[in-house]
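A.B. asks: Structure: work-v8.cif, mmCIF, C-alpha atoms.
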data_coords
#
loop_
_atom_site.label_atom_id
_atom_site.label_comp_id
_atom_site.auth_asym_id
_atom_site.auth_seq_id
_atom_site.Cartn_x
_atom_site.Cartn_y
_atom_site.Cartn_z
CA ILE A 617 25.37 -24.94 -165.78
CA PRO A 618 21.94 -23.98 -164.39
CA SER A 619 19.51 -22.46 -166.82
CA LEU A 620 18.04 -18.97 -166.42
CA ALA A 621 14.69 -20.49 -165.41
CA GLN A 622 16.37 -22.56 -162.69
CA VAL A 623 18.20 -19.51 -161.38
CA ASN A 624 14.95 -17.52 -161.30
CA ARG A 625 13.12 -20.33 -159.49
CA SER A 626 15.93 -20.59 -156.97
CA SER A 627 15.87 -16.84 -156.37
CA ILE A 628 12.10 -16.84 -155.91
CA THR A 629 12.31 -19.77 -153.51
CA ARG A 630 14.94 -18.02 -151.39
CA HIS A 631 12.88 -14.83 -151.34
CA LEU A 632 9.73 -16.68 -150.27
CA ALA A 633 11.61 -18.57 -147.57
CA LYS A 634 13.16 -15.36 -146.23
CA SER A 635 9.82 -13.56 -146.28
CA SER A 636 8.12 -16.44 -144.50
CA LEU A 637 10.78 -16.51 -141.78
CA TRP A 638 10.42 -12.78 -141.17
CA THR A 639 6.63 -13.12 -141.06
CA VAL A 640 6.72 -15.99 -138.56
CA PHE A 641 9.33 -14.24 -136.43
CA GLY A 642 7.45 -10.94 -136.34
CA ALA A 643 3.94 -12.29 -135.88
CA GLY A 644 4.89 -15.03 -133.43
CA GLY A 645 7.26 -12.90 -131.40
CA SER A 646 4.89 -9.96 -131.06
CA ARG A 647 1.96 -12.18 -130.06
CA ILE A 648 4.02 -13.87 -127.36
CA LEU A 649 5.09 -10.49 -126.00
CA VAL A 650 1.52 -9.15 -126.01
CA LEU A 651 0.32 -12.38 -124.35
CA LEU A 652 2.86 -11.87 -121.57
CA ALA A 653 1.69 -8.27 -121.21
CA MET A 654 -1.92 -9.45 -120.96
CA MET A 655 -0.96 -11.94 -118.25
CA MET A 656 0.63 -9.10 -116.30
CA ALA A 657 -2.51 -7.02 -116.76
CA ALA A 658 -4.66 -9.89 -115.50
CA ARG A 659 -2.59 -10.20 -112.33
CA GLU A 660 -2.68 -6.47 -111.67
CA LEU A 661 -6.36 -5.86 -112.50
CA GLY A 662 -7.94 -8.92 -110.94
CA GLN A 663 -10.69 -11.09 -112.36
CA VAL A 664 -13.52 -8.54 -112.56
CA ALA A 665 -11.52 -5.60 -113.93
CA PHE A 666 -9.67 -7.78 -116.41
CA GLY A 667 -13.00 -9.12 -117.63
CA GLU A 668 -14.20 -5.57 -118.18
CA PHE A 669 -10.98 -4.78 -120.01
CA GLY A 670 -11.57 -7.83 -122.20
CA ILE A 671 -15.06 -6.63 -123.10
CA ILE A 672 -13.72 -3.23 -124.14
CA TYR A 673 -10.88 -4.84 -126.11
CA THR A 674 -13.31 -7.07 -127.99
CA THR A 675 -15.69 -4.19 -128.71
CA LEU A 676 -12.86 -2.07 -130.09
CA GLY A 677 -11.82 -5.00 -132.28
CA VAL A 678 -15.28 -5.10 -133.86
CA PHE A 679 -15.20 -1.37 -134.58
CA GLY A 680 -11.64 -1.74 -135.83
CA ILE A 681 -12.93 -3.80 -138.76
CA LEU A 682 -15.12 -0.86 -139.74
CA ALA A 683 -12.28 1.63 -139.25
CA GLY A 684 -9.83 -0.33 -141.40
CA ALA A 685 -12.43 -0.88 -144.14
CA GLY A 686 -10.17 -3.43 -145.82
CA LEU A 687 -7.70 -0.71 -146.78
CA GLY A 688 -4.69 -2.68 -145.55
CA SER A 689 -5.17 -5.44 -148.11
CA THR A 690 -6.05 -2.88 -150.78
CA ILE A 691 -2.82 -0.96 -150.35
CA THR A 692 -0.82 -4.20 -150.33
CA ARG A 693 -2.28 -5.32 -153.66
CA PHE A 694 -1.84 -2.04 -155.53
CA THR A 695 1.57 -1.23 -154.05
CA ALA A 696 2.89 -4.65 -155.05
CA HIS A 697 1.53 -4.16 -158.56
CA TYR A 698 2.84 -0.67 -159.26
CA ALA A 699 5.78 -0.05 -156.90
CA HIS A 700 8.49 -1.07 -159.38
CA THR A 701 6.77 -0.49 -162.72
CA GLU A 702 4.96 2.80 -162.01
CA PRO A 703 6.34 4.23 -158.73
CA ASP A 704 4.57 7.57 -159.17
CA ARG A 705 1.23 5.84 -159.51
CA ALA A 706 2.02 3.68 -156.49
CA GLY A 707 2.79 6.83 -154.50
CA ARG A 708 -0.55 8.38 -155.47
CA ILE A 709 -2.40 5.22 -154.46
CA ILE A 710 -0.61 5.11 -151.10
CA ALA A 711 -1.52 8.76 -150.47
CA LEU A 712 -5.15 8.13 -151.48
CA VAL A 713 -5.49 5.09 -149.23
CA ASN A 714 -3.95 6.93 -146.28
CA SER A 715 -6.32 9.86 -146.81
CA SER A 716 -9.28 7.49 -147.02
CA SER A 717 -8.16 5.70 -143.87
CA LEU A 718 -7.99 9.00 -142.00
CA ILE A 719 -11.64 9.58 -142.89
CA THR A 720 -12.90 6.09 -141.98
CA ILE A 721 -10.92 5.96 -138.75
CA SER A 722 -12.04 9.44 -137.70
CA ILE A 723 -15.70 8.60 -138.38
CA THR A 724 -15.47 5.34 -136.46
CA CYS A 725 -13.80 6.96 -133.46
CA ALA A 726 -16.34 9.79 -133.52
CA ILE A 727 -19.21 7.29 -133.47
CA ILE A 728 -17.74 5.55 -130.43
CA ILE A 729 -17.14 8.82 -128.57
CA ILE A 730 -20.57 10.27 -129.38
CA PHE A 731 -22.43 7.10 -128.44
CA SER A 732 -20.06 5.94 -125.70
CA SER A 733 -22.70 6.41 -123.01
CA ASN A 734 -25.24 4.26 -124.85
CA LEU A 735 -22.62 1.68 -125.80
CA ALA A 736 -21.42 1.35 -122.24
CA SER A 737 -24.88 1.31 -120.66
CA HIS A 738 -26.83 -0.80 -123.14
CA GLY A 739 -24.22 -2.55 -125.26
CA LEU A 740 -21.82 -3.55 -122.51
CA ALA A 741 -24.20 -3.27 -119.53
CA ALA A 742 -21.41 -1.39 -117.76
CA PRO A 743 -22.09 2.38 -117.68
CA HIS A 744 -19.00 2.97 -115.53
CA LEU A 745 -16.81 2.00 -118.49
CA GLU A 746 -17.83 4.98 -120.62
CA SER A 747 -14.54 6.89 -120.20
CA GLU A 748 -12.50 3.72 -120.79
CA LEU A 749 -14.40 3.10 -124.00
CA MET A 750 -13.68 6.64 -125.18
CA LEU A 751 -9.99 6.26 -124.32
CA GLY A 752 -9.94 3.02 -126.26
CA THR A 753 -10.46 4.93 -129.50
CA LEU A 754 -6.78 5.86 -129.31
CA PHE A 755 -5.87 2.17 -129.46
CA LEU A 756 -8.40 1.57 -132.23
CA ALA A 757 -7.07 4.42 -134.36
CA ILE A 758 -3.37 3.64 -134.05
CA SER A 759 -3.99 -0.08 -134.64
CA ALA A 760 -5.80 0.74 -137.87
CA PHE A 761 -3.01 3.07 -139.01
CA ARG A 762 -0.41 0.41 -138.19
CA GLY A 763 -2.35 -2.14 -140.22
CA ILE A 764 -2.28 0.12 -143.25
CA GLN A 765 1.42 0.84 -142.74
CA ASN A 766 2.17 -2.89 -142.56
CA GLY A 767 0.08 -3.38 -145.68
CA THR A 768 2.28 -0.86 -147.49
CA PHE A 769 5.47 -2.60 -146.37
CA ALA A 770 4.00 -5.93 -147.48
CA GLY A 771 3.26 -4.51 -150.92
CA LEU A 772 6.88 -3.38 -151.10
CA LYS A 773 7.95 -6.88 -149.99
CA ARG A 774 9.73 -5.49 -146.93
CA PHE A 775 8.59 -8.13 -144.49
CA ASP A 776 11.70 -7.51 -142.40
CA PHE A 777 10.42 -4.07 -141.49
CA ILE A 778 7.02 -5.49 -140.56
CA ALA A 779 8.63 -8.05 -138.27
CA LYS A 780 10.93 -5.54 -136.58
CA LEU A 781 8.11 -3.05 -136.02
CA ASN A 782 5.81 -5.75 -134.64
CA ILE A 783 8.50 -6.87 -132.21
CA THR A 784 9.12 -3.25 -131.18
CA ASP A 785 5.40 -2.88 -130.59
CA GLY A 786 5.32 -6.02 -128.43
CA VAL A 787 8.37 -5.07 -126.36
CA LEU A 788 7.03 -1.59 -125.60
CA THR A 789 3.64 -3.01 -124.64
CA LEU A 790 5.29 -5.52 -122.33
CA VAL A 791 7.33 -2.80 -120.64
CA ALA A 792 4.48 -0.30 -120.31
CA MET A 793 1.78 -2.68 -119.09
CA PRO A 794 2.94 -3.27 -115.48
CA LEU A 795 3.92 0.38 -115.08
CA LEU A 796 0.60 1.88 -116.21
CA VAL A 797 -1.88 -0.75 -115.06
CA GLY A 798 -0.72 -0.48 -111.48
CA SER A 799 -1.53 3.22 -111.32
CA LEU A 800 -4.33 3.66 -113.87
CA GLY A 801 -6.13 0.32 -113.95
CA ILE A 802 -8.07 -0.44 -117.12
CA LYS A 803 -7.15 2.92 -118.60
CA GLY A 804 -3.50 2.06 -118.04
CA ALA A 805 -3.95 -1.23 -119.90
CA LEU A 806 -5.52 0.59 -122.86
CA LEU A 807 -2.73 3.17 -122.88
CA SER A 808 -0.13 0.39 -122.75
CA LEU A 809 -1.64 -1.21 -125.83
CA SER A 810 -1.54 2.16 -127.60
CA LEU A 811 1.97 3.39 -126.80
CA GLY A 812 3.78 0.56 -128.60
CA PRO A 813 1.88 0.97 -131.89
CA ILE A 814 2.26 4.76 -131.72
CA LEU A 815 6.04 4.62 -131.48
CA SER A 816 6.21 1.79 -134.03
CA TRP A 817 4.09 3.83 -136.45
CA ILE A 818 6.39 6.86 -136.06
CA ILE A 819 9.49 4.74 -136.67
CA GLY A 820 7.79 2.91 -139.53
CA SER A 821 6.75 6.17 -141.21
CA TYR A 822 10.37 7.33 -141.25
CA PHE A 823 11.67 4.12 -142.82
CA LEU A 824 8.72 3.89 -145.20
CA ARG A 825 9.67 7.22 -146.74
CA ILE A 826 13.21 5.93 -147.26
CA VAL A 827 11.97 2.69 -148.85
CA LEU A 828 9.62 4.57 -151.18
CA GLN A 829 12.37 6.93 -152.28
CA ASN A 830 14.55 3.96 -153.20
CA ALA A 831 11.75 1.93 -154.83
#
Would it be possible to restate this file's structure as structure tokens?

C.D. replies:
Amino acid sequence: IPSLAQVNRSSITRHLAKSSLWTVFGAGGSRILVLLAMMMAARELGQVAFGEFGIIYTTLGVFGILAGAGLGSTITRFTAHYAHTEPDRAGRIIALVNSSSLITISITCAIIIIFSSNLASHGLAAPHLESELMLGTLFLAISAFRGIQNGTFAGLKRFDFIAKLNITDGVLTLVAMPLLVGSLGIKGALLSLSLGPILSWIIGSYFLRIVLQNA
């Protein structure tokens, strides 16, 4: 007859294996889908325009670090610690982190919009990309919000939701990319990258409320 310690170890091992599988499935699947979408964008935009899109994408990634401010990992740590022992405290921490993220993301997006002309002209040496850079703040903002949402699900150990939402994000991006890039160019590519996370965030917010109520 297995001892209680053996049963606990077996249960932990199964949980870790399941969580790892969901993580690999979600991260790997979504990256493949986004890669395919990027390949479509490259074919539609051409070498020069796709290079300009890449510069904007990289620039937004740098600002995204500032917008997120490490809040995703913070909410994961505290949610995991308090979700089952002190759910009310966990709820207050989640609300506080989300409020803080709204401030940091808004400030970061405002900086980009206000200084978009200077960033495009001097930072990117491409003044004609000013409006694209401003539009890119939508992608930056929703990506940051999705990161915090995923951090909350991770703290609750619901890696299945993270995987499903990431796959949903990737599928929507793959579908939207050829439709929007053909008519809107670089702006269409940026919108395509934003639409998937927006819908995933809406769906995730609904299920997150359910998970928190049952925590």

A.B. asks: I'd like to know which of A:Ala653, A:Ile691, A:Ile681, A:Leu735 is closest to Thr720 of chain A, using only C-alpha atoms.

C.D. replies: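 Using only C-alpha atoms, the shortest distance to Thr720 of chain A belongs to A:Ile681.
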
A.B. asks: State, in Å with one decimal place, the distance from atom CA of Gly662 of chain A to atom CA of Leu806 of chain A.

C.D. replies: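 Taking atom CA of Gly662 of chain A as the start and atom CA of Leu806 of chain A as the end point, the length is 15.4 Å.
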
A.B. asks: Please list as a PyMOL selection string every residue within 9 Å of Thr639 of chain A, counting only C-alpha atoms and excluding residues in the same chain fewer than 5 positions away.

C.D. replies: chain A and resi 634+644+775-776+778-779

A.B. asks: As JSON, please report the centre and edge lengths, rounded to one decimal in Å, of the axis-aligned box that holds all listed atoms of segment 810-823 of chain A with 5 Å of padding on each of the six sides.

C.D. replies:
{"center_x": 5.1, "center_y": 3.9, "center_z": -134.8, "size_x": 23.2, "size_y": 16.8, "size_z": 26.0}

A.B. asks: Take atom CA of Ile814 of chain A and atom CA of Leu637 of chain A and report the distance between them in Å, one decimal.

C.D. replies: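 Result for atom CA of Ile814 of chain A versus atom CA of Leu637 of chain A: 25.0 Å, one decimal.
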
A.B. asks: Between atom CA of Phe755 of chain A and atom CA of Val797 of chain A, measure the distance and give it in Å to one decimal.

C.D. replies: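 So the two atoms, atom CA of Phe755 of chain A and atom CA of Val797 of chain A, lie 15.2 Å apart.
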
A.B. asks: Env of Thr753 of chain A: 9 Å cut, atoms = all atoms listed in the file, seq-sep filter 2 positions within chain, self excluded. Answer as a VMD selection string.

C.D. replies: chain A and resid 676 724 to 726 728 to 729 749 to 751 755 to 758

A.B. asks: Store the residues of this selection in a file with C-alpha atoms, as a PDB file, keeping the file's coordinate frame.

C.D. replies:
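Saved as part_20.pdb:
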ATOM      1  CA  LEU A 676     -12.860  -2.070-130.090  1.00  0.00           C
ATOM      2  CA  THR A 724     -15.470   5.340-136.460  1.00  0.00           C
ATOM      3  CA  CYS A 725     -13.800   6.960-133.460  1.00  0.00           C
ATOM      4  CA  ALA A 726     -16.340   9.790-133.520  1.00  0.00           C
ATOM      5  CA  ILE A 728     -17.740   5.550-130.430  1.00  0.00           C
ATOM      6  CA  ILE A 729     -17.140   8.820-128.570  1.00  0.00           C
ATOM      7  CA  LEU A 749     -14.400   3.100-124.000  1.00  0.00           C
ATOM      8  CA  MET A 750     -13.680   6.640-125.180  1.00  0.00           C
ATOM      9  CA  LEU A 751      -9.990   6.260-124.320  1.00  0.00           C
ATOM     10  CA  PHE A 755      -5.870   2.170-129.460  1.00  0.00           C
ATOM     11  CA  LEU A 756      -8.400   1.570-132.230  1.00  0.00           C
ATOM     12  CA  ALA A 757      -7.070   4.420-134.360  1.00  0.00           C
ATOM     13  CA  ILE A 758      -3.370   3.640-134.050  1.00  0.00           C
TER      14      ILE A 758
END

A.B. asks: Of the residues A:Leu740, A:Leu807, A:Leu712, A:Leu781, which is the one nearest to Tyr822 of chain A, using all atoms listed in the file?

C.D. replies: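 Checking each of A:Leu740, A:Leu807, A:Leu712, A:Leu781 against Tyr822 of chain A, counting all atoms listed in the file, the winner is A:Leu781.
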
A.B. asks: Given the PyMOL selection byres ((chain A and resi 825) around 12) and the file above, list the residues it selects as a PyMOL selection string.

C.D. replies: chain A and resi 707+710-711+765+768-769+772+818-824+826-831

A.B. asks: Which residue, A:Tyr698, A:Phe679, A:Phe761, A:Phe669, has the smallest gap to Val713 of chain A when you use only C-alpha atoms?

C.D. replies: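 Closest to Val713 of chain A, using only C-alpha atoms: A:Phe761.
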
A.B. asks: Restricting the calculation to only C-alpha atoms, which member of A:Thr784, A:Asn714, A:Thr675, A:Ser722 is positioned closest to Ala736 of chain A?

C.D. replies: A:Thr675

A.B. asks: Under the rule that all atoms listed in the file are counted, which of A:Ser737, A:Ser816, A:Ser732, A:Thr789 is the nearest residue to Ala657 of chain A?

C.D. replies: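 Using all atoms listed in the file, Ala657 of chain A sits closest to A:Thr789.
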
A.B. asks: Of the candidates A:Leu682, A:Ala643, A:Ile709, A:Leu651, which one gets nearest to Ile727 of chain A if we count only C-alpha atoms?

C.D. replies: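 That would be A:Leu682, the residue with the smallest distance to Ile727 of chain A.
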
A.B. asks: Evaluate the PyMOL selection byres ((chain A and resi 801) around 10) and record the selected residues as a ChimeraX atom specification, following the chain and residue labels used in the document.

C.D. replies: /A:657,660-662,665-666,669,748,793-794,796-800,802-807
